[in-house]
file data_13.pdb (PDB, C-alpha atoms and all ligand atoms)
ATOM      1  CA  MET A  27       0.000   0.000   0.000
ATOM      2  CA  LEU A  28       1.249   3.453  -0.891
ATOM      3  CA  MET A  29       0.039   6.516   0.994
ATOM      4  CA  ASP A  30       0.739   9.775  -0.761
ATOM      5  CA  PRO A  31      -0.054  12.673   1.622
ATOM      6  CA  SER A  32      -1.252  14.769  -1.328
ATOM      7  CA  THR A  33      -4.137  12.307  -1.952
ATOM      8  CA  THR A  34      -4.688  10.843   1.538
ATOM      9  CA  SER A  35      -6.867  12.306   4.288
ATOM     10  CA  SER A  36      -5.118  13.524   7.394
ATOM     11  CA  SER A  37      -7.097  11.051   9.534
ATOM     12  CA  ARG A  38      -5.824   8.062   7.472
ATOM     13  CA  LEU A  39      -2.301   9.440   7.659
ATOM     14  CA  TYR A  40      -2.702   9.824  11.413
ATOM     15  CA  TYR A  41      -3.837   6.208  11.900
ATOM     16  CA  ALA A  42      -0.981   4.916   9.722
ATOM     17  CA  MET A  43       1.504   6.973  11.714
ATOM     18  CA  ILE A  44       0.314   5.880  15.153
ATOM     19  CA  ALA A  45       0.166   2.217  14.081
ATOM     20  CA  CYS A  46       3.571   2.149  12.374
ATOM     21  CA  ILE A  47       5.608   4.492  14.564
ATOM     22  CA  ALA A  48       5.347   2.067  17.426
ATOM     23  CA  PRO A  49       5.717   1.279  20.235
ATOM     24  CA  ARG A  50       5.962   4.820  21.510
ATOM     25  CA  PRO A  51       6.953   5.915  25.004
ATOM     26  CA  ILE A  52       4.337   7.886  26.894
ATOM     27  CA  ALA A  53       4.943  11.265  28.497
ATOM     28  CA  TRP A  54       2.341  11.766  31.211
ATOM     29  CA  VAL A  55       2.565  15.529  31.418
ATOM     30  CA  SER A  56       1.523  17.580  34.432
ATOM     31  CA  THR A  57       1.132  21.337  34.122
ATOM     32  CA  ILE A  58      -0.414  24.260  35.961
ATOM     33  CA  SER A  59      -2.371  27.151  34.495
ATOM     34  CA  GLY A  60      -1.714  30.824  35.161
ATOM     35  CA  LYS A  61      -4.669  30.682  37.574
ATOM     36  CA  GLY A  62      -3.097  27.765  39.459
ATOM     37  CA  VAL A  63      -5.305  24.903  38.178
ATOM     38  CA  THR A  64      -3.360  21.674  37.651
ATOM     39  CA  ASN A  65      -3.677  19.457  34.555
ATOM     40  CA  LEU A  66      -2.517  15.982  33.581
ATOM     41  CA  ALA A  67      -2.591  14.243  30.168
ATOM     42  CA  PRO A  68      -0.660  11.570  28.212
ATOM     43  CA  PHE A  69       1.296  12.243  24.998
ATOM     44  CA  SER A  70       3.010   9.505  22.999
ATOM     45  CA  PHE A  71       4.604  11.656  20.318
ATOM     46  CA  PHE A  72       7.440  11.914  22.836
ATOM     47  CA  ASN A  73      11.176  11.423  22.965
ATOM     48  CA  GLY A  74      14.522  12.696  24.207
ATOM     49  CA  VAL A  75      16.450  15.363  22.258
ATOM     50  CA  ALA A  76      19.937  15.944  23.720
ATOM     51  CA  SER A  77      21.893  15.450  26.907
ATOM     52  CA  GLU A  78      23.685  18.825  26.637
ATOM     53  CA  PRO A  79      21.504  20.660  27.453
ATOM     54  CA  PRO A  80      19.335  17.803  28.728
ATOM     55  CA  THR A  81      16.176  18.144  26.682
ATOM     56  CA  LEU A  82      13.096  16.187  25.691
ATOM     57  CA  LEU A  83      10.159  16.837  23.393
ATOM     58  CA  PHE A  84       6.531  15.932  23.096
ATOM     59  CA  CYS A  85       3.827  17.026  20.672
ATOM     60  CA  PRO A  86       0.467  18.289  21.936
ATOM     61  CA  GLY A  87      -2.059  19.155  19.259
ATOM     62  CA  PHE A  88      -5.304  21.097  19.267
ATOM     63  CA  LYS A  89      -8.793  20.254  20.519
ATOM     64  CA  ASP A  90     -11.603  19.568  18.051
ATOM     65  CA  ASP A  91     -12.690  23.214  18.362
ATOM     66  CA  GLY A  92      -9.233  24.336  17.201
ATOM     67  CA  THR A  93      -8.076  25.693  20.561
ATOM     68  CA  PRO A  94      -4.797  24.422  22.087
ATOM     69  CA  LYS A  95      -5.016  21.376  24.346
ATOM     70  CA  ASP A  96      -4.915  22.410  28.021
ATOM     71  CA  THR A  97      -1.360  21.090  28.421
ATOM     72  CA  LEU A  98      -0.103  23.346  25.630
ATOM     73  CA  ARG A  99      -2.111  26.320  26.871
ATOM     74  CA  ASN A 100      -0.712  25.909  30.396
ATOM     75  CA  ILE A 101       2.870  25.586  29.164
ATOM     76  CA  GLU A 102       2.471  28.754  27.110
ATOM     77  CA  GLU A 103       1.142  30.488  30.238
ATOM     78  CA  THR A 104       3.594  29.218  32.872
ATOM     79  CA  ARG A 105       6.476  27.672  30.829
ATOM     80  CA  GLU A 106       6.941  24.674  33.135
ATOM     81  CA  PHE A 107       5.903  21.009  33.120
ATOM     82  CA  VAL A 108       6.702  17.593  34.546
ATOM     83  CA  VAL A 109       6.968  14.436  32.432
ATOM     84  CA  ASN A 110       5.939  11.457  34.554
ATOM     85  CA  VAL A 111       6.675   7.979  33.140
ATOM     86  CA  VAL A 112       3.947   5.312  32.955
ATOM     87  CA  PRO A 113       4.503   1.813  34.376
ATOM     88  CA  TYR A 114       1.967  -0.935  33.697
ATOM     89  CA  SER A 115       0.472  -0.418  37.166
ATOM     90  CA  LEU A 116      -0.612   3.116  36.165
ATOM     91  CA  ALA A 117      -1.947   2.291  32.659
ATOM     92  CA  GLN A 118      -5.641   2.627  33.607
ATOM     93  CA  ALA A 119      -5.062   5.872  35.484
ATOM     94  CA  MET A 120      -3.048   7.301  32.586
ATOM     95  CA  ASN A 121      -5.806   6.415  30.123
ATOM     96  CA  ALA A 122      -8.454   8.041  32.327
ATOM     97  CA  THR A 123      -6.560  11.345  32.173
ATOM     98  CA  SER A 124      -6.788  11.429  28.358
ATOM     99  CA  ALA A 125     -10.464  12.439  28.640
ATOM    100  CA  SER A 126     -11.096  15.881  27.221
ATOM    101  CA  LEU A 127     -12.115  17.979  30.223
ATOM    102  CA  ASP A 128     -12.914  21.665  30.210
ATOM    103  CA  HIS A 129     -10.005  23.992  30.866
ATOM    104  CA  GLY A 130     -10.044  24.725  34.580
ATOM    105  CA  ILE A 131     -10.932  21.166  35.632
ATOM    106  CA  SER A 132      -8.008  19.164  37.010
ATOM    107  CA  GLU A 133      -7.511  15.523  35.984
ATOM    108  CA  PHE A 134      -5.662  15.016  39.283
ATOM    109  CA  GLU A 135      -8.904  15.687  41.156
ATOM    110  CA  THR A 136     -11.406  14.280  38.639
ATOM    111  CA  CYS A 137      -9.487  11.005  38.178
ATOM    112  CA  GLY A 138      -8.380  10.720  41.824
ATOM    113  CA  ILE A 139      -4.658  10.754  41.068
ATOM    114  CA  GLU A 140      -2.338  11.422  43.971
ATOM    115  CA  SER A 141       0.017  14.331  43.370
ATOM    116  CA  ALA A 142       3.315  15.332  44.944
ATOM    117  CA  PRO A 143       4.924  18.776  44.790
ATOM    118  CA  GLY A 144       7.539  19.531  42.165
ATOM    119  CA  MET A 145      10.997  20.322  43.525
ATOM    120  CA  LYS A 146      12.146  22.884  40.929
ATOM    121  CA  VAL A 147       8.886  23.660  39.123
ATOM    122  CA  ARG A 148       5.337  24.619  40.125
ATOM    123  CA  PRO A 149       3.388  21.815  38.395
ATOM    124  CA  PRO A 150       2.862  18.806  40.663
ATOM    125  CA  ARG A 151       4.108  15.314  39.929
ATOM    126  CA  VAL A 152       2.159  12.069  39.727
ATOM    127  CA  ALA A 153       3.167  10.689  43.131
ATOM    128  CA  LYS A 154       3.116   7.008  42.073
ATOM    129  CA  SER A 155       5.139   7.441  38.870
ATOM    130  CA  PRO A 156       8.701   6.189  39.486
ATOM    131  CA  VAL A 157      10.462   8.823  37.328
ATOM    132  CA  HIS A 158       9.827  12.561  37.071
ATOM    133  CA  PHE A 159      11.453  14.905  34.575
ATOM    134  CA  GLU A 160      10.956  18.460  35.784
ATOM    135  CA  CYS A 161      11.232  20.782  32.787
ATOM    136  CA  LYS A 162      11.118  24.412  31.755
ATOM    137  CA  LEU A 163      10.101  25.379  28.235
ATOM    138  CA  TYR A 164      13.130  25.524  25.926
ATOM    139  CA  ASP A 165      11.293  26.084  22.660
ATOM    140  CA  LEU A 166       7.867  25.700  21.116
ATOM    141  CA  ILE A 167       7.603  25.016  17.387
ATOM    142  CA  ARG A 168       4.310  25.028  15.510
ATOM    143  CA  VAL A 169       4.138  22.373  12.773
ATOM    144  CA  GLY A 170       0.816  22.658  10.962
ATOM    145  CA  SER A 171      -1.811  20.859  13.063
ATOM    146  CA  GLY A 172       0.781  19.946  15.687
ATOM    147  CA  ASN A 173       3.296  21.508  18.032
ATOM    148  CA  ILE A 174       6.714  20.454  19.275
ATOM    149  CA  VAL A 175       7.265  21.356  22.914
ATOM    150  CA  ILE A 176      10.944  21.116  23.788
ATOM    151  CA  GLY A 177      11.644  21.036  27.504
ATOM    152  CA  GLU A 178      14.951  21.634  29.225
ATOM    153  CA  ILE A 179      15.233  19.062  31.999
ATOM    154  CA  LEU A 180      15.961  20.805  35.309
ATOM    155  CA  LEU A 181      15.762  17.670  37.439
ATOM    156  CA  ILE A 182      15.359  13.912  36.957
ATOM    157  CA  ASP A 183      14.058  12.166  40.063
ATOM    158  CA  ILE A 184      14.232   8.371  39.833
ATOM    159  CA  ASP A 185      12.730   6.354  42.660
ATOM    160  CA  ASP A 186      15.329   4.105  44.301
ATOM    161  CA  SER A 187      12.906   1.154  44.003
ATOM    162  CA  VAL A 188      13.486   0.989  40.211
ATOM    163  CA  LEU A 189      17.309   0.994  40.382
ATOM    164  CA  ASP A 190      19.447  -2.111  39.931
ATOM    165  CA  ALA A 191      22.361  -3.132  42.180
ATOM    166  CA  LYS A 192      24.678  -0.751  40.271
ATOM    167  CA  GLY A 193      22.333   2.208  40.724
ATOM    168  CA  LYS A 194      21.086   2.228  37.125
ATOM    169  CA  PRO A 195      17.402   2.335  36.139
ATOM    170  CA  ASP A 196      16.287  -1.291  35.734
ATOM    171  CA  PRO A 197      13.895  -1.897  32.776
ATOM    172  CA  GLU A 198      12.242  -4.795  34.581
ATOM    173  CA  LYS A 199      11.568  -2.756  37.700
ATOM    174  CA  LEU A 200      10.407   0.240  35.648
ATOM    175  CA  ASP A 201       7.887  -1.974  33.774
ATOM    176  CA  LEU A 202       7.035   0.908  31.407
ATOM    177  CA  ILE A 203       4.340   0.627  28.764
ATOM    178  CA  GLY A 204       4.312   1.851  25.161
ATOM    179  CA  ARG A 205       1.496   2.970  22.918
ATOM    180  CA  MET A 206       0.797   1.195  19.646
ATOM    181  CA  GLY A 207      -2.062   1.805  17.183
ATOM    182  CA  GLY A 208      -5.664   2.309  18.296
ATOM    183  CA  ALA A 209      -6.307   1.140  21.835
ATOM    184  CA  THR A 210      -3.319  -1.249  21.873
ATOM    185  CA  TYR A 211      -0.381  -0.892  24.240
ATOM    186  CA  SER A 212       2.800  -2.880  24.725
ATOM    187  CA  ARG A 213       4.654  -3.934  27.832
ATOM    188  CA  THR A 214       8.442  -3.993  27.997
ATOM    189  CA  THR A 215       8.697  -7.520  29.370
ATOM    190  CA  GLY A 216       9.813  -9.244  26.111
ATOM    191  CA  ARG A 217      13.339  -7.839  25.986
ATOM    192  CA  PHE A 218      16.595  -8.862  24.287
ATOM    193  CA  ASP A 219      20.131  -7.403  24.212
ATOM    194  CA  LEU A 220      22.153  -6.428  21.122
ATOM    195  CA  ARG A 221      25.820  -5.442  21.358
ATOM    196  CA  ARG A 222      26.664  -2.412  19.194
ATOM    197  CA  PRO A 223      29.258  -2.953  16.438
ATOM    198  CA  ASP A 224      32.695  -1.396  17.069
TER
HETATM  199  C1  LIG A 301      -1.544   6.991  25.292
HETATM  200  C2  LIG A 301      -2.017   8.284  24.706
HETATM  201  C3  LIG A 301      -1.149   9.050  23.959
HETATM  202  C4  LIG A 301      -1.560  10.285  23.427
HETATM  203  N1  LIG A 301      -0.673  11.018  22.699
HETATM  204  C5  LIG A 301      -1.030  12.239  22.239
HETATM  205  C6  LIG A 301      -0.090  13.038  21.524
HETATM  206  O1  LIG A 301       1.078  12.676  21.315
HETATM  207  N2  LIG A 301      -0.504  14.278  21.117
HETATM  208  C7  LIG A 301      -1.770  14.745  21.373
HETATM  209  O2  LIG A 301      -2.089  15.887  21.003
HETATM  210  N3  LIG A 301      -2.674  13.987  22.041
HETATM  211  C8  LIG A 301      -2.334  12.771  22.489
HETATM  212  N4  LIG A 301      -3.230  12.011  23.198
HETATM  213  C9  LIG A 301      -4.554  12.580  23.482
HETATM  214  C10 LIG A 301      -4.504  13.534  24.700
HETATM  215  O3  LIG A 301      -4.060  12.847  25.856
HETATM  216  C11 LIG A 301      -5.912  14.084  24.947
HETATM  217  O4  LIG A 301      -6.296  14.903  23.848
HETATM  218  C12 LIG A 301      -6.045  14.872  26.228
HETATM  219  O5  LIG A 301      -7.409  15.162  26.465
HETATM  220  C13 LIG A 301      -5.283  16.180  26.218
HETATM  221  O6  LIG A 301      -5.485  16.772  27.478
HETATM  222  P1  LIG A 301      -5.325  18.311  27.801
HETATM  223  O7  LIG A 301      -6.336  19.071  26.961
HETATM  224  O8  LIG A 301      -5.646  18.352  29.268
HETATM  225  O9  LIG A 301      -3.920  18.702  27.490
HETATM  226  C14 LIG A 301      -2.877  10.752  23.679
HETATM  227  C15 LIG A 301      -3.768   9.955  24.425
HETATM  228  C16 LIG A 301      -3.342   8.731  24.925
HETATM  229  C17 LIG A 301      -4.298   7.891  25.726
END

call {"tool": "encode", "arguments": {"input": "data_13.pdb", "output": "structure tokens", "more": "lines below"}}
Ligand SMILES: Cc1cc2nc3c(=O)[nH]c(=O)nc-3n(C[C@H](O)[C@H](O)[C@H](O)COP(=O)(O)O)c2cc1C
result
Amino acid sequence: MLMDPSTTSSSRLYYAMIACIAPRPIAWVSTISGKGVTNLAPFSFFNGVASEPPTLLFCPGFKDDGTPKDTLRNIEETREFVVNVVPYSLAQAMNATSASLDHGISEFETCGIESAPGMKVRPPRVAKSPVHFECKLYDLIRVGSGNIVIGEILLIDIDDSVLDAKGKPDPEKLDLIGRMGGATYSRTTGRFDLRRPD
């Protein structure tokens, strides 16, 4: 099958992209509005950028009415966010926070998700997530119907319970999930090692 963007609807392109760019890590992003209302939502167009300066990116789009998703709106207002990672144990909670709620209603409260204060930023963390990336906005790039939010990582807080004996994050203990197409997710339990060529 060939898909030429000039003759293919954006919704078909979207479904091909989310099914074939997979599995994707999930940034569970907490933010706070200028009025102090917290927000939490998952984004799987997400990855790291550089380690100097330590940066990551994720891509929030727009709501059906064309206005920015609350996460994007809050970051434009307050320029800070936390990326919380998603282990299998938090999959249901993460999914619940993808509901489209009115701006000004917090998913932390509506979905009953325990928060913890940020250390270097104002948005709260998801208390039960084992890794928190506290970020300030580095750059925001509009790309048609999408946006690239680049965050400079001010702090990475990794819970000791997911470290191995050498103090490194242990994939088995992290038990992170990935998003595939549609409603399908993957677990990271079927792993294998490959040595890099010299
Ligand atoms: C696993 C998962 C990944 C998602 N990834 C994205 C994404 O990369 N970009 C996006 O705009 N929406 C994505 N969504 C949809 C948003 O989470 C959803 O629109 C949410 O309501 C946005 O919340 P907000 O308006 O509070 O920011 C994803 C949803 C799920 C469940």

call {"tool": "residues_near_ligand", "arguments": {"input": "data_13.pdb", "ligand": "ligand LIG 301 (chain A)", "cutoff": "9 Å", "atoms": "only C-alpha atoms and all ligand atoms", "output": "ChimeraX atom specification"}}
result
/A:50-57,65-72,84-89,94-100,117,120-129,131-133,172-173,204-206,209,211

call {"tool": "residues_around", "arguments": {"input": "data_13.pdb", "residues": "Cys46 in chain A", "least_positions_apart": "2", "cutoff": "8 Å", "atoms": "only C-alpha atoms", "output": "ChimeraX atom specification"}}
result
/A:42-44,48,206-207

call {"tool": "atom_distance", "arguments": {"input": "data_13.pdb", "atom1": "CA of Asp90 in chain A", "atom2": "CA of Ser36 in chain A"}}
result
13.9 Å

call {"tool": "atom_distance", "arguments": {"input": "data_13.pdb", "atom1": "CA of Lys199 in chain A", "atom2": "CA of Gln118 in chain A"}}
result
18.5 Å

call {"tool": "atom_distance", "arguments": {"input": "data_13.pdb", "atom1": "CA of Val108 in chain A", "atom2": "CA of Met145 in chain A"}}
result
10.3 Å

call {"tool": "resolve_selection", "arguments": {"input": "data_13.pdb", "expression": "the PyMOL selection byres (((chain A and resi 155) around 10) and not hetatm)", "output": "VMD selection string"}}
result
chain A and resid 54 109 to 113 115 to 116 140 to 141 151 to 154 156 to 158 184 to 185 200

call {"tool": "residues_around", "arguments": {"input": "data_13.pdb", "residues": "Glu198 in chain A", "least_positions_apart": "4", "cutoff": "9 Å", "atoms": "all atoms listed in the file", "output": "PyMOL selection string"}}
result
chain A and resi 188+202+214-215

call {"tool": "axis_aligned_box", "arguments": {"input": "data_13.pdb", "around": "range 41-46 of chain A", "padding_each_side": "5 Å", "output": "AutoDock Vina command-line options"}}
result
--center_x -0.1 --center_y 4.6 --center_z 12.4 --size_x 17.4 --size_y 14.8 --size_z 15.4

call {"tool": "resolve_selection", "arguments": {"input": "data_13.pdb", "expression": "the PyMOL selection byres (((chain A and resi 162) around 10) and not hetatm)", "output": "PDB file with C-alpha atoms, in the coordinates of the input"}}
result
ATOM      1  CA  THR A  81      16.176  18.144  26.682  1.00  0.00           C
ATOM      2  CA  ILE A 101       2.870  25.586  29.164  1.00  0.00           C
ATOM      3  CA  THR A 104       3.594  29.218  32.872  1.00  0.00           C
ATOM      4  CA  ARG A 105       6.476  27.672  30.829  1.00  0.00           C
ATOM      5  CA  GLU A 106       6.941  24.674  33.135  1.00  0.00           C
ATOM      6  CA  PHE A 107       5.903  21.009  33.120  1.00  0.00           C
ATOM      7  CA  VAL A 108       6.702  17.593  34.546  1.00  0.00           C
ATOM      8  CA  LYS A 146      12.146  22.884  40.929  1.00  0.00           C
ATOM      9  CA  VAL A 147       8.886  23.660  39.123  1.00  0.00           C
ATOM     10  CA  PHE A 159      11.453  14.905  34.575  1.00  0.00           C
ATOM     11  CA  GLU A 160      10.956  18.460  35.784  1.00  0.00           C
ATOM     12  CA  CYS A 161      11.232  20.782  32.787  1.00  0.00           C
ATOM     13  CA  LEU A 163      10.101  25.379  28.235  1.00  0.00           C
ATOM     14  CA  TYR A 164      13.130  25.524  25.926  1.00  0.00           C
ATOM     15  CA  ASP A 165      11.293  26.084  22.660  1.00  0.00           C
ATOM     16  CA  ILE A 176      10.944  21.116  23.788  1.00  0.00           C
ATOM     17  CA  GLY A 177      11.644  21.036  27.504  1.00  0.00           C
ATOM     18  CA  GLU A 178      14.951  21.634  29.225  1.00  0.00           C
ATOM     19  CA  ILE A 179      15.233  19.062  31.999  1.00  0.00           C
ATOM     20  CA  LEU A 180      15.961  20.805  35.309  1.00  0.00           C
ATOM     21  CA  LEU A 181      15.762  17.670  37.439  1.00  0.00           C
TER      22      LEU A 181
END

call {"tool": "closest_residue", "arguments": {"input": "data_13.pdb", "among": "A:Glu78, A:Arg148, A:Ser171, A:Ser212", "to": "Ser37 in chain A", "atoms": "all atoms listed in the file"}}
result
A:Ser171

call {"tool": "build_atoms", "arguments": {"input": "data_13.pdb", "residues": "range 154-187 of chain A", "atoms": "N, CA and C atoms", "output": "PDB file, in the frame of the given file"}}
result
ATOM      1  N   LYS A 154       2.782   8.432  42.225  1.00  0.00           N
ATOM      2  CA  LYS A 154       3.116   7.008  42.073  1.00  0.00           C
ATOM      3  C   LYS A 154       3.981   6.709  40.851  1.00  0.00           C
ATOM      4  N   SER A 155       4.247   7.697  40.009  1.00  0.00           N
ATOM      5  CA  SER A 155       5.139   7.441  38.870  1.00  0.00           C
ATOM      6  C   SER A 155       6.578   7.353  39.395  1.00  0.00           C
ATOM      7  N   PRO A 156       7.357   6.371  38.919  1.00  0.00           N
ATOM      8  CA  PRO A 156       8.701   6.189  39.486  1.00  0.00           C
ATOM      9  C   PRO A 156       9.758   7.157  38.957  1.00  0.00           C
ATOM     10  N   VAL A 157       9.471   7.878  37.872  1.00  0.00           N
ATOM     11  CA  VAL A 157      10.462   8.823  37.328  1.00  0.00           C
ATOM     12  C   VAL A 157       9.761  10.129  36.961  1.00  0.00           C
ATOM     13  N   HIS A 158      10.367  11.234  37.391  1.00  0.00           N
ATOM     14  CA  HIS A 158       9.827  12.561  37.071  1.00  0.00           C
ATOM     15  C   HIS A 158      10.912  13.382  36.407  1.00  0.00           C
ATOM     16  N   PHE A 159      10.579  13.942  35.247  1.00  0.00           N
ATOM     17  CA  PHE A 159      11.453  14.905  34.575  1.00  0.00           C
ATOM     18  C   PHE A 159      10.838  16.282  34.782  1.00  0.00           C
ATOM     19  N   GLU A 160      11.464  17.098  35.583  1.00  0.00           N
ATOM     20  CA  GLU A 160      10.956  18.460  35.784  1.00  0.00           C
ATOM     21  C   GLU A 160      11.587  19.354  34.718  1.00  0.00           C
ATOM     22  N   CYS A 161      10.751  20.063  33.981  1.00  0.00           N
ATOM     23  CA  CYS A 161      11.232  20.782  32.787  1.00  0.00           C
ATOM     24  C   CYS A 161      10.760  22.230  32.764  1.00  0.00           C
ATOM     25  N   LYS A 162      11.595  23.076  32.130  1.00  0.00           N
ATOM     26  CA  LYS A 162      11.118  24.412  31.755  1.00  0.00           C
ATOM     27  C   LYS A 162      11.117  24.478  30.235  1.00  0.00           C
ATOM     28  N   LEU A 163      10.239  25.300  29.689  1.00  0.00           N
ATOM     29  CA  LEU A 163      10.101  25.379  28.235  1.00  0.00           C
ATOM     30  C   LEU A 163      11.395  25.899  27.611  1.00  0.00           C
ATOM     31  N   TYR A 164      11.921  25.131  26.661  1.00  0.00           N
ATOM     32  CA  TYR A 164      13.130  25.524  25.926  1.00  0.00           C
ATOM     33  C   TYR A 164      12.747  26.158  24.600  1.00  0.00           C
ATOM     34  N   ASP A 165      11.769  25.530  23.922  1.00  0.00           N
ATOM     35  CA  ASP A 165      11.293  26.084  22.660  1.00  0.00           C
ATOM     36  C   ASP A 165       9.939  25.467  22.334  1.00  0.00           C
ATOM     37  N   LEU A 166       9.174  26.189  21.566  1.00  0.00           N
ATOM     38  CA  LEU A 166       7.867  25.700  21.116  1.00  0.00           C
ATOM     39  C   LEU A 166       7.778  25.965  19.623  1.00  0.00           C
ATOM     40  N   ILE A 167       7.597  24.891  18.845  1.00  0.00           N
ATOM     41  CA  ILE A 167       7.603  25.016  17.387  1.00  0.00           C
ATOM     42  C   ILE A 167       6.258  24.534  16.856  1.00  0.00           C
ATOM     43  N   ARG A 168       5.584  25.394  16.131  1.00  0.00           N
ATOM     44  CA  ARG A 168       4.310  25.028  15.510  1.00  0.00           C
ATOM     45  C   ARG A 168       4.601  24.310  14.198  1.00  0.00           C
ATOM     46  N   VAL A 169       3.996  23.126  14.023  1.00  0.00           N
ATOM     47  CA  VAL A 169       4.138  22.373  12.773  1.00  0.00           C
ATOM     48  C   VAL A 169       2.736  22.040  12.280  1.00  0.00           C
ATOM     49  N   GLY A 170       2.157  22.899  11.487  1.00  0.00           N
ATOM     50  CA  GLY A 170       0.816  22.658  10.962  1.00  0.00           C
ATOM     51  C   GLY A 170      -0.199  22.403  12.059  1.00  0.00           C
ATOM     52  N   SER A 171      -0.786  21.183  12.065  1.00  0.00           N
ATOM     53  CA  SER A 171      -1.811  20.859  13.063  1.00  0.00           C
ATOM     54  C   SER A 171      -1.203  20.364  14.368  1.00  0.00           C
ATOM     55  N   GLY A 172       0.121  20.411  14.476  1.00  0.00           N
ATOM     56  CA  GLY A 172       0.781  19.946  15.687  1.00  0.00           C
ATOM     57  C   GLY A 172       1.724  20.986  16.262  1.00  0.00           C
ATOM     58  N   ASN A 173       2.337  20.635  17.352  1.00  0.00           N
ATOM     59  CA  ASN A 173       3.296  21.508  18.032  1.00  0.00           C
ATOM     60  C   ASN A 173       4.385  20.642  18.631  1.00  0.00           C
ATOM     61  N   ILE A 174       5.619  21.132  18.576  1.00  0.00           N
ATOM     62  CA  ILE A 174       6.714  20.454  19.275  1.00  0.00           C
ATOM     63  C   ILE A 174       7.057  21.288  20.504  1.00  0.00           C
ATOM     64  N   VAL A 175       6.846  20.704  21.668  1.00  0.00           N
ATOM     65  CA  VAL A 175       7.265  21.356  22.914  1.00  0.00           C
ATOM     66  C   VAL A 175       8.610  20.750  23.302  1.00  0.00           C
ATOM     67  N   ILE A 176       9.631  21.588  23.342  1.00  0.00           N
ATOM     68  CA  ILE A 176      10.944  21.116  23.788  1.00  0.00           C
ATOM     69  C   ILE A 176      11.143  21.603  25.217  1.00  0.00           C
ATOM     70  N   GLY A 177      11.437  20.675  26.106  1.00  0.00           N
ATOM     71  CA  GLY A 177      11.644  21.036  27.504  1.00  0.00           C
ATOM     72  C   GLY A 177      13.088  20.852  27.907  1.00  0.00           C
ATOM     73  N   GLU A 178      13.633  21.825  28.627  1.00  0.00           N
ATOM     74  CA  GLU A 178      14.951  21.634  29.225  1.00  0.00           C
ATOM     75  C   GLU A 178      14.744  20.964  30.580  1.00  0.00           C
ATOM     76  N   ILE A 179      15.427  19.845  30.776  1.00  0.00           N
ATOM     77  CA  ILE A 179      15.233  19.062  31.999  1.00  0.00           C
ATOM     78  C   ILE A 179      16.028  19.710  33.135  1.00  0.00           C
ATOM     79  N   LEU A 180      15.311  20.162  34.157  1.00  0.00           N
ATOM     80  CA  LEU A 180      15.961  20.805  35.309  1.00  0.00           C
ATOM     81  C   LEU A 180      16.304  19.793  36.386  1.00  0.00           C
ATOM     82  N   LEU A 181      15.561  18.689  36.393  1.00  0.00           N
ATOM     83  CA  LEU A 181      15.762  17.670  37.439  1.00  0.00           C
ATOM     84  C   LEU A 181      15.174  16.349  36.962  1.00  0.00           C
ATOM     85  N   ILE A 182      15.917  15.261  37.169  1.00  0.00           N
ATOM     86  CA  ILE A 182      15.359  13.912  36.957  1.00  0.00           C
ATOM     87  C   ILE A 182      15.336  13.240  38.319  1.00  0.00           C
ATOM     88  N   ASP A 183      14.175  12.833  38.767  1.00  0.00           N
ATOM     89  CA  ASP A 183      14.058  12.166  40.063  1.00  0.00           C
ATOM     90  C   ASP A 183      13.610  10.725  39.809  1.00  0.00           C
ATOM     91  N   ILE A 184      14.508   9.793  40.075  1.00  0.00           N
ATOM     92  CA  ILE A 184      14.232   8.371  39.833  1.00  0.00           C
ATOM     93  C   ILE A 184      14.088   7.674  41.174  1.00  0.00           C
ATOM     94  N   ASP A 185      12.959   7.031  41.386  1.00  0.00           N
ATOM     95  CA  ASP A 185      12.730   6.354  42.660  1.00  0.00           C
ATOM     96  C   ASP A 185      13.742   5.208  42.839  1.00  0.00           C
ATOM     97  N   ASP A 186      14.318   5.130  44.031  1.00  0.00           N
ATOM     98  CA  ASP A 186      15.329   4.105  44.301  1.00  0.00           C
ATOM     99  C   ASP A 186      14.804   2.689  44.050  1.00  0.00           C
ATOM    100  N   SER A 187      13.481   2.504  44.154  1.00  0.00           N
ATOM    101  CA  SER A 187      12.906   1.154  44.003  1.00  0.00           C
ATOM    102  C   SER A 187      13.044   0.619  42.576  1.00  0.00           C
TER     103      SER A 187
END
